[in-house]
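Shown below: start24.txt, with compact mmCIF, C-alpha atoms.
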```txt
# COMPACT_ATOMS: atom_id res chain seq x y z
CA MET I 1 -4.29 71.23 -16.46
CA TYR I 2 -4.54 67.48 -16.08
CA SER I 3 -1.32 67.47 -14.03
CA GLY I 4 -3.04 69.86 -11.63
CA ILE I 5 -6.11 67.62 -11.46
CA SER I 6 -3.97 64.58 -10.62
CA GLY I 7 -2.29 66.54 -7.83
CA MET I 8 -5.67 67.65 -6.42
CA LYS I 9 -6.95 64.05 -6.40
CA ASN I 10 -3.85 62.85 -4.60
CA PHE I 11 -3.97 65.56 -1.94
CA GLN I 12 -7.68 64.90 -1.47
CA THR I 13 -6.84 61.26 -0.75
CA LYS I 14 -4.14 62.37 1.68
CA LEU I 15 -6.64 64.63 3.46
CA ASP I 16 -9.05 61.68 3.67
CA VAL I 17 -6.37 59.54 5.36
CA ILE I 18 -5.40 62.37 7.72
CA GLY I 19 -9.06 62.92 8.61
CA ASN I 20 -9.46 59.22 9.39
CA ASN I 21 -6.34 59.33 11.59
CA ILE I 22 -7.63 62.32 13.55
CA ALA I 23 -11.09 60.73 13.90
CA ASN I 24 -9.43 57.68 15.52
CA VAL I 25 -7.08 59.58 17.82
CA ASN I 26 -8.81 57.98 20.84
CA THR I 27 -9.52 54.57 19.29
CA TYR I 28 -7.76 51.83 21.28
CA GLY I 29 -5.39 49.72 19.20
CA PHE I 30 -5.77 51.94 16.11
CA LYS I 31 -2.84 52.09 13.67
CA LYS I 32 -2.52 55.29 11.65
CA GLY I 33 -2.27 55.54 7.86
CA ARG I 34 0.23 57.38 5.69
CA VAL I 35 0.05 58.42 2.01
CA THR I 36 3.03 58.61 -0.34
CA PHE I 37 3.04 59.91 -3.92
CA LYS I 38 5.02 59.17 -7.09
CA ASP I 39 5.27 60.86 -10.42
CA THR I 40 3.34 59.38 -13.30
CA MET I 41 4.52 58.81 -16.87
CA ASN I 42 6.76 61.40 -18.57
CA GLN I 43 6.59 62.77 -22.13
CA THR I 44 10.02 62.50 -23.74
CA ILE I 45 10.87 65.43 -26.00
CA SER I 46 14.34 64.17 -26.80
CA GLY I 47 16.30 61.24 -25.54
CA ALA I 48 19.80 61.15 -24.11
CA SER I 49 22.81 61.02 -26.39
CA ALA I 50 26.29 59.73 -25.61
CA ALA I 51 29.42 61.77 -25.84
CA GLN I 52 31.27 61.67 -29.16
CA GLU I 53 34.69 62.75 -30.34
CA ALA I 54 33.53 66.13 -31.62
CA ARG I 55 30.94 66.96 -28.92
CA GLY I 56 29.77 65.96 -25.46
CA GLY I 57 26.72 63.97 -24.49
CA ARG I 58 23.26 65.38 -23.86
CA ASN I 59 20.73 64.58 -21.16
CA PRO I 60 17.18 63.55 -22.00
CA MET I 61 14.44 66.19 -22.08
CA GLN I 62 11.14 65.07 -20.50
CA VAL I 63 7.95 66.73 -19.34
CA GLY I 64 6.13 65.14 -16.42
CA LEU I 65 2.40 64.49 -16.73
CA GLY I 66 1.36 64.72 -13.09
CA SER I 67 1.48 62.57 -9.96
CA THR I 68 -0.30 59.50 -8.67
CA LEU I 69 -0.60 57.55 -5.44
CA SER I 70 2.38 55.38 -4.55
CA THR I 71 1.24 53.75 -1.29
CA ILE I 72 -1.24 54.10 1.55
CA ASP I 73 0.68 52.54 4.42
CA THR I 74 -0.57 51.32 7.78
CA ILE I 75 2.00 52.21 10.45
CA HIS I 76 2.11 49.37 13.00
CA THR I 77 4.31 51.06 15.61
CA GLN I 78 3.87 50.41 19.32
CA SER I 79 1.84 53.07 21.12
CA SER I 80 1.62 54.06 24.78
CA LEU I 81 -0.34 51.95 27.25
CA GLN I 82 -3.16 53.50 29.26
CA SER I 83 -3.85 52.00 32.68
CA THR I 84 -7.53 51.23 33.28
CA GLY I 85 -7.43 48.90 36.29
CA ARG I 86 -10.01 46.62 34.64
CA PRO I 87 -8.79 42.98 34.63
CA LEU I 88 -10.27 42.21 31.20
CA ASP I 89 -8.56 45.19 29.55
CA LEU I 90 -5.42 43.78 27.95
CA ALA I 91 -2.56 45.35 26.02
CA ILE I 92 0.37 43.81 24.15
CA ASN I 93 3.77 45.23 25.01
CA GLY I 94 5.78 44.28 21.93
CA ASP I 95 4.95 42.39 18.74
CA GLY I 96 1.82 40.36 18.17
CA TYR I 97 -1.94 40.54 17.71
CA PHE I 98 -4.83 39.04 19.64
CA VAL I 99 -6.64 36.35 17.64
CA VAL I 100 -10.45 36.61 17.48
CA LYS I 101 -12.96 34.56 15.53
CA GLN I 102 -16.41 35.09 14.10
CA GLY I 103 -17.61 31.74 12.86
CA ASP I 104 -14.81 30.38 10.68
CA ALA I 105 -13.43 33.85 9.89
CA GLN I 106 -10.25 34.73 11.77
CA PHE I 107 -9.26 38.30 12.64
CA TYR I 108 -6.36 39.95 14.44
CA SER I 109 -6.45 42.96 16.72
CA ARG I 110 -4.34 45.10 19.08
CA ALA I 111 -7.45 46.36 20.91
CA GLY I 112 -7.79 44.31 24.09
CA ASN I 113 -11.03 45.60 25.64
CA PHE I 114 -12.59 42.18 26.23
CA TYR I 115 -15.77 41.00 27.96
CA LEU I 116 -17.54 37.83 29.12
CA ASP I 117 -20.79 36.92 27.39
CA ASP I 118 -23.72 35.04 28.95
CA ASN I 119 -21.95 31.70 28.34
CA GLY I 120 -18.74 32.84 30.03
CA THR I 121 -16.93 33.10 26.67
CA LEU I 122 -14.29 35.82 26.37
CA VAL I 123 -15.27 38.15 23.50
CA ASN I 124 -14.35 41.57 22.15
CA GLY I 125 -16.73 44.50 21.81
CA ASP I 126 -18.22 43.09 18.58
CA GLY I 127 -18.85 39.65 20.07
CA MET I 128 -15.92 37.98 18.29
CA LYS I 129 -14.53 35.13 20.36
CA VAL I 130 -11.02 35.56 21.74
CA GLN I 131 -8.82 32.53 21.09
CA SER I 132 -6.47 30.59 23.35
CA TYR I 133 -3.55 28.49 22.11
CA GLU I 134 -2.58 25.10 23.48
CA ASN I 135 -0.74 22.23 21.80
CA GLY I 136 -1.05 23.86 18.39
CA VAL I 137 -4.84 24.24 18.60
CA LEU I 138 -6.92 27.44 18.80
CA GLN I 139 -9.90 27.30 21.16
CA ASP I 140 -12.52 29.64 22.56
CA ILE I 141 -11.79 30.87 26.07
CA LYS I 142 -14.58 30.00 28.52
CA VAL I 143 -14.58 31.04 32.17
CA ASN I 144 -17.15 29.11 34.21
CA VAL I 145 -17.86 31.39 37.17
CA ASN I 146 -19.65 28.46 38.88
CA ALA I 147 -16.70 26.08 38.46
CA GLN I 148 -15.97 23.68 41.34
CA LEU I 149 -12.54 22.19 42.05
CA PRO I 150 -12.86 18.68 43.55
CA ALA I 151 -10.81 17.60 46.55
CA ASN I 152 -7.59 15.68 45.88
CA THR I 153 -6.08 13.48 48.58
CA THR I 154 -2.45 14.13 49.52
CA GLU I 155 -0.21 11.49 47.96
CA THR I 156 3.29 13.02 47.95
CA ILE I 157 5.34 15.31 50.19
CA SER I 158 8.22 17.03 48.40
CA MET I 159 11.20 18.21 50.45
CA PHE I 160 13.11 21.36 49.50
CA GLY I 161 16.02 23.38 50.80
CA ASN I 162 18.91 22.45 53.07
CA LEU I 163 19.24 20.30 56.21
CA SER I 164 22.48 21.80 57.50
CA ASN I 165 25.29 19.31 58.20
CA ASN I 166 26.78 21.61 60.86
CA ALA I 167 23.63 22.06 62.95
CA VAL I 168 24.42 22.54 66.66
CA GLY I 169 22.50 20.68 69.38
CA ASN I 170 19.59 18.31 68.99
CA GLU I 171 16.68 20.73 69.06
CA PRO I 172 14.08 19.71 66.48
CA PHE I 173 13.25 21.95 63.55
CA VAL I 174 9.45 22.05 63.34
CA GLN I 175 7.39 22.94 60.30
CA GLN I 176 3.63 22.70 59.94
CA ILE I 177 2.25 20.99 56.86
CA ASN I 178 -1.32 20.67 55.64
CA VAL I 179 -2.49 17.33 54.25
CA VAL I 180 -5.83 16.42 52.71
CA THR I 181 -7.40 13.16 53.90
CA ALA I 182 -9.37 10.66 51.82
CA GLU I 183 -12.56 12.35 53.10
CA GLY I 184 -11.42 15.65 51.55
CA LYS I 185 -10.68 17.31 54.89
CA GLN I 186 -7.55 19.32 55.57
CA MET I 187 -5.44 18.49 58.63
CA THR I 188 -2.40 20.29 60.00
CA LEU I 189 0.54 18.17 61.19
CA ASP I 190 3.89 19.10 62.74
CA MET I 191 6.88 17.74 60.85
CA LYS I 192 9.82 17.48 63.28
CA LEU I 193 13.35 17.24 61.89
CA THR I 194 16.07 16.59 64.51
CA PRO I 195 19.85 16.45 63.84
CA GLN I 196 21.66 13.32 65.04
CA GLY I 197 25.26 14.12 66.12
CA THR I 198 27.95 16.26 64.52
CA PRO I 199 28.42 16.54 61.60
CA SER I 200 24.69 16.34 61.06
CA THR I 201 24.60 13.87 58.19
CA ASN I 202 21.76 11.97 59.87
CA TRP I 203 18.39 13.51 60.68
CA SER I 204 15.34 11.96 62.29
CA MET I 205 11.89 12.81 60.98
CA GLN I 206 8.56 12.49 62.82
CA PHE I 207 5.03 13.68 62.15
CA VAL I 208 2.80 14.82 65.04
CA ASN I 209 -0.95 15.35 64.84
CA GLN I 210 -2.10 17.76 67.54
CA ASN I 211 -5.68 18.24 66.33
CA GLY I 212 -7.19 16.10 69.10
CA GLU I 213 -6.90 16.09 72.90
CA ASN I 214 -3.82 13.88 72.83
CA PRO I 215 -1.02 14.31 70.27
CA LEU I 216 -0.65 11.41 67.84
CA THR I 217 2.96 10.71 66.82
CA SER I 218 4.24 8.73 63.85
CA ASP I 219 7.22 6.41 63.89
CA SER I 220 10.65 8.04 63.76
CA TYR I 221 12.27 7.91 60.32
CA THR I 222 15.93 8.50 59.49
CA ILE I 223 17.33 10.52 56.59
CA ASP I 224 20.95 9.42 56.10
CA PHE I 225 23.04 11.74 53.92
CA SER I 226 26.31 9.87 54.58
CA GLN I 227 25.57 7.49 51.73
CA ASP I 228 25.09 8.07 48.04
CA PRO I 229 22.30 7.97 47.12
CA VAL I 230 20.64 9.25 50.29
CA VAL I 231 19.05 6.54 52.41
CA ALA I 232 15.58 7.70 53.48
CA PRO I 233 12.08 6.22 53.74
CA GLY I 234 10.25 6.22 50.43
CA THR I 235 6.91 6.05 52.22
CA VAL I 236 5.88 7.42 55.61
CA THR I 237 2.73 6.77 57.63
CA LEU I 238 0.97 9.87 58.95
CA PRO I 239 -1.26 9.69 62.07
CA ILE I 240 -4.70 11.04 61.22
CA ALA I 241 -7.21 10.00 63.91
CA ASP I 242 -7.55 7.94 67.10
CA ALA I 243 -10.62 5.81 66.43
CA ASP I 244 -10.98 4.13 69.86
CA GLY I 245 -9.42 6.79 72.08
CA ASP I 246 -6.45 4.70 73.28
CA GLY I 247 -3.88 7.30 72.20
CA THR I 248 -2.86 5.32 69.11
CA ALA I 249 -3.73 6.42 65.58
CA GLU I 250 -5.82 3.71 63.93
CA ASN I 251 -6.65 5.99 60.99
CA THR I 252 -3.45 6.68 59.05
CA MET I 253 -2.24 7.76 55.61
CA ASP I 254 0.67 6.35 53.65
CA ILE I 255 2.48 9.16 51.80
CA GLU I 256 5.34 9.01 49.31
CA MET I 257 8.37 11.21 50.01
CA ASP I 258 10.44 13.11 47.44
CA TYR I 259 13.95 14.19 48.55
CA SER I 260 15.30 15.10 45.11
CA GLN I 261 15.58 18.79 45.98
CA LEU I 262 16.83 18.38 49.56
CA THR I 263 20.53 18.96 50.38
CA ASN I 264 22.85 18.43 53.39
CA LEU I 265 25.37 21.24 53.07
CA ALA I 266 27.07 23.55 55.53
CA GLY I 267 25.16 26.73 56.15
CA ASP I 268 21.70 27.77 57.16
CA LEU I 269 18.84 25.40 57.89
CA SER I 270 16.26 26.14 55.22
CA ALA I 271 14.39 22.88 54.72
CA SER I 272 10.69 22.96 53.85
CA ALA I 273 8.01 20.49 52.82
CA ASP I 274 5.28 20.85 50.22
CA PRO I 275 2.45 18.30 50.27
CA ASP I 276 0.25 17.96 47.20
CA GLY I 277 -3.53 17.62 47.33
CA ASN I 278 -6.25 20.17 47.92
CA THR I 279 -9.67 20.53 49.48
CA ALA I 280 -12.78 21.22 47.39
CA GLY I 281 -13.20 24.82 46.28
CA SER I 282 -15.26 27.11 44.06
CA LEU I 283 -14.00 29.71 41.60
CA GLU I 284 -13.76 33.11 43.29
CA SER I 285 -11.93 35.17 40.68
CA PHE I 286 -9.56 34.95 37.76
CA ASN I 287 -6.66 37.01 36.47
CA ILE I 288 -4.45 37.17 33.38
CA GLY I 289 -0.66 37.03 33.69
CA SER I 290 2.08 38.60 31.59
CA MET I 291 2.51 35.43 29.53
CA GLY I 292 -1.20 35.45 28.65
CA GLU I 293 -2.08 32.71 31.13
CA ILE I 294 -5.64 32.89 32.46
CA ASN I 295 -5.53 31.79 36.11
CA GLY I 296 -8.59 30.75 38.09
CA VAL I 297 -8.40 31.49 41.82
CA TYR I 298 -10.44 29.10 43.99
CA SER I 299 -11.77 29.47 47.53
CA ASN I 300 -9.38 26.78 48.80
CA GLY I 301 -6.37 28.86 47.73
CA GLU I 302 -5.63 26.76 44.64
CA ILE I 303 -4.81 28.47 41.35
CA THR I 304 -5.37 26.63 38.07
CA THR I 305 -4.61 27.74 34.52
CA ILE I 306 -7.72 27.91 32.34
CA GLY I 307 -5.83 28.66 29.11
CA TYR I 308 -3.25 30.82 27.37
CA LEU I 309 -4.12 33.77 25.14
CA ALA I 310 -3.06 33.24 21.52
CA LEU I 311 -0.88 35.90 19.90
CA ALA I 312 -0.24 36.03 16.16
CA LYS I 313 2.88 37.41 14.50
CA PHE I 314 3.32 38.29 10.82
CA SER I 315 6.44 38.66 8.68
CA ASN I 316 4.87 41.77 7.08
CA PRO I 317 2.33 43.41 9.42
CA SER I 318 1.92 46.34 7.00
CA GLY I 319 0.44 43.85 4.53
CA LEU I 320 -2.58 43.17 6.76
CA THR I 321 -5.97 44.33 5.51
CA LYS I 322 -8.04 46.58 7.76
CA ALA I 323 -11.37 44.86 8.39
CA GLY I 324 -13.03 47.53 10.56
CA GLY I 325 -13.87 47.20 14.23
CA ASN I 326 -10.21 47.60 15.25
CA SER I 327 -9.34 44.34 13.51
CA PHE I 328 -7.17 43.16 10.63
CA GLN I 329 -7.29 40.22 8.24
CA GLN I 330 -4.53 38.23 6.61
CA SER I 331 -3.70 39.16 3.02
CA VAL I 332 -1.56 37.53 0.34
CA ASN I 333 1.29 39.93 1.22
CA SER I 334 1.11 39.81 5.03
CA GLY I 335 2.49 36.31 5.33
CA THR I 336 1.00 33.38 7.20
CA PRO I 337 0.20 34.10 10.88
CA ASN I 338 2.68 32.50 13.26
CA ILE I 339 0.51 31.81 16.31
CA ASN I 340 1.80 30.91 19.76
CA VAL I 341 1.64 32.17 23.34
CA ALA I 342 3.10 35.43 24.62
CA GLY I 343 6.84 35.57 25.13
CA GLU I 344 7.65 33.05 22.39
CA GLY I 345 9.19 35.73 20.15
CA ARG I 346 6.18 37.92 20.87
CA GLY I 347 5.31 40.69 23.28
CA THR I 348 3.98 40.27 26.80
CA VAL I 349 0.40 40.81 27.92
CA VAL I 350 -0.31 43.71 30.28
CA SER I 351 -3.53 43.24 32.24
CA GLY I 352 -5.50 46.30 33.32
CA SER I 353 -4.21 48.42 30.42
CA LEU I 354 -5.16 49.27 26.85
CA GLU I 355 -2.94 50.32 23.95
CA MET I 356 -3.80 53.81 22.78
CA SER I 357 -3.93 54.97 19.17
CA ASN I 358 -0.51 55.74 17.63
CA VAL I 359 -1.89 58.91 16.00
CA ASP I 360 0.18 62.02 16.83
CA LEU I 361 -2.07 65.07 16.54
CA SER I 362 0.80 67.53 16.08
CA GLU I 363 2.11 65.46 13.17
CA GLU I 364 -1.34 65.07 11.62
CA PHE I 365 -2.14 68.80 11.79
CA THR I 366 1.21 69.61 10.19
CA GLU I 367 0.51 67.10 7.40
CA MET I 368 -2.96 68.58 7.02
CA ILE I 369 -1.52 72.07 6.44
CA THR I 370 0.95 70.64 3.91
CA ALA I 371 -1.80 68.77 2.08
CA GLN I 372 -4.07 71.82 2.11
CA ARG I 373 -1.37 74.03 0.63
CA GLY I 374 -0.52 71.37 -1.93
CA PHE I 375 -4.17 71.14 -2.95
CA GLN I 376 -4.35 74.93 -3.14
CA ALA I 377 -1.23 75.12 -5.30
CA ASN I 378 -2.65 72.56 -7.73
CA THR I 379 -5.84 74.60 -8.10
CA ARG I 380 -3.62 77.51 -9.17
CA ILE I 381 -2.27 75.34 -11.99
CA ILE I 382 -5.83 74.89 -13.28
CA THR I 383 -6.75 78.57 -12.95
CA THR I 384 -3.52 79.61 -14.66
CA SER I 385 -4.15 77.12 -17.49
CA ASP I 386 -7.67 78.54 -17.83
CA GLU I 387 -6.30 82.05 -18.10
CA ILE I 388 -3.87 80.94 -20.83
CA LEU I 389 -6.74 79.35 -22.77
CA GLN I 390 -8.71 82.56 -22.36
CA GLU I 391 -5.85 84.54 -23.86
CA LEU I 392 -5.74 82.12 -26.82
CA VAL I 393 -9.48 82.62 -27.40
CA ASN I 394 -9.02 86.39 -27.21
CA LEU I 395 -6.49 86.27 -30.12
CA LYS I 396 -9.43 85.84 -32.49
CA ARG I 397 -11.17 89.02 -31.31
```

Would you kindly transcribe this structure into structure tokens?
Amino acid sequence: MYSGISGMKNFQTKLDVIGNNIANVNTYGFKKGRVTFKDTMNQTISGASAAQEARGGRNPMQVGLGSTLSTIDTIHTQSSLQSTGRPLDLAINGDGYFVVKQGDAQFYSRAGNFYLDDNGTLVNGDGMKVQSYENGVLQDIKVNVNAQLPANTTETISMFGNLSNNAVGNEPFVQQINVVTAEGKQMTLDMKLTPQGTPSTNWSMQFVNQNGENPLTSDSYTIDFSQDPVVAPGTVTLPIADADGDGTAENTMDIEMDYSQLTNLAGDLSASADPDGNTAGSLESFNIGSMGEINGVYSNGEITTIGYLALAKFSNPSGLTKAGGNSFQQSVNSGTPNINVAGEGRGTVVSGSLEMSNVDLSEEFTEMITAQRGFQANTRIITTSDEILQELVNLKR
């Protein structure tokens, strides 16, 4: 009778877990549970005996005394991703957990439906603050929608690509570049690169400002690839404005040149120039990349990284303790969280998607039928035991 009671208790627990799984079939980031059983202690009627010369050995005789719970596991398998199109809905494709904080308490979650509060702090649905990771430090993520990016004057022009050494003719190759003046204004200049002879190991370089009525032209500079290292001007003077109208630029800018990524090989002409600096701008939008980087997009076209989402990894994820609200907490058997950014042995972040529950309804309904029949069978043990007791009582009549 007590064996039947133990079986009923166990199957009731299994039905509780199955019911919780089914209730969370549409809960984002939910990880299903699973129940396993084991037999309890056994009553030994006779022990085993070894074989002897006159007779063989005998096996032990034992009567089991019921079952008990072995484990209630949390299954941390990856589930499908549902596209939502909302930039602050995030999913992890692979291993890892988002790190959220409430005061000093630290939690971990696969549910990435995040929001901005009135201070611009990134939070989850319960107001826990989502954490970023930089230089080994966890920080709250704050997005200032009124952020302003100050103007930065152009100081360096970096050259890229190839100035072909078999260029034909002496037609200049012209590329427009944008530089930012000390006043924070953007000006467009023509950079003219002209081959000198064949093979074209020497190129002349000039900068032309055509923003006014009369073009303003810089001095001609030579880039000589025939020597090692390359002989080229380290600093050039750009014509910015004609102060007195005499056709000569009195307002100029001295700019450093970087040729470290410029080549002079046979083939196509593919040289380009990239000046640094930017005009002032205000934050227009932000997005989150696959490596968890939060990028602010400004009105001047600049993109800056606000922070990187922190992802935690555990040696034993099944050892995490469920803390409610789609979150987990570290336990003594989960291991210490290894926190870093996405991609460092962790999954990637998918913006505009949420991870669905890993509950499979067909599997849960099948397990429910099994548990129901198991519970029913154990009740038969009790009713049968009751009938046997009734027969014993009837012996006295």

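Taking atom CA of I:Asp73 and atom CA of I:Phe98 as the two end points, the separation is 21.1 Å.
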
List the neighbours of I:Ala273 out to 8 Å using all atoms listed in the file; skip same-chain residues closer than 5 positions along the sequence, and give me the result as a PyMOL selection string. chain I and resi 157-160+175+177

Pick out the residues sitting within 10 Å of stretch 123-138 of chain I, and hand them over as an MDAnalysis selection string; count all atoms listed in the file, and ignore anything fewer than 6 positions along from it in its own chain. chainID I and resid 88 98:103 105:109 111:117 292:294 306:311 325:326 339:342

May I have the residues at most 12 Å from (-2.9, 68.1, 4.4) in the file's coordinates, counting only C-alpha atoms, as a ChimeraX atom specification? /I:8,10-19,21-22,34-35,363-376

Within 9 Å of (-10.0, 11.2, 46.8), in the coordinates the file gives, what residues turn up when you count all atoms listed in the file, written out as an mmCIF file with C-alpha atoms, in the coordinates of the input?
```cif
data_model
loop_
_atom_site.group_PDB
_atom_site.id
_atom_site.type_symbol
_atom_site.label_atom_id
_atom_site.label_comp_id
_atom_site.auth_asym_id
_atom_site.auth_seq_id
_atom_site.Cartn_x
_atom_site.Cartn_y
_atom_site.Cartn_z
ATOM 1 C CA PRO I 150 -12.860 18.680 43.550
ATOM 2 C CA ALA I 151 -10.810 17.600 46.550
ATOM 3 C CA ASN I 152 -7.590 15.680 45.880
ATOM 4 C CA THR I 153 -6.080 13.480 48.580
ATOM 5 C CA THR I 154 -2.450 14.130 49.520
ATOM 6 C CA VAL I 180 -5.830 16.420 52.710
ATOM 7 C CA THR I 181 -7.400 13.160 53.900
ATOM 8 C CA ALA I 182 -9.370 10.660 51.820
ATOM 9 C CA GLU I 183 -12.560 12.350 53.100
ATOM 10 C CA GLY I 184 -11.420 15.650 51.550
#
```

Surrounding residues of I:Ser204 excluding itself and chain neighbours under 4 positions, 7 Å, all atoms listed in the file, as a PyMOL selection string: chain I and resi 193-195+220-223

Grab the atom CA of I:Val208 to atom CA of I:Leu189 distance for me, in Å with one decimal place. 5.6 Å

Distance in Å - atom CA of I:Thr198 versus atom CA of I:Asn165: 7.5 Å

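Nearest residue to I:Leu65, choosing from I:Gln390, I:Thr252, I:Ser299, I:Thr40 and counting all atoms listed in the file: I:Thr40.
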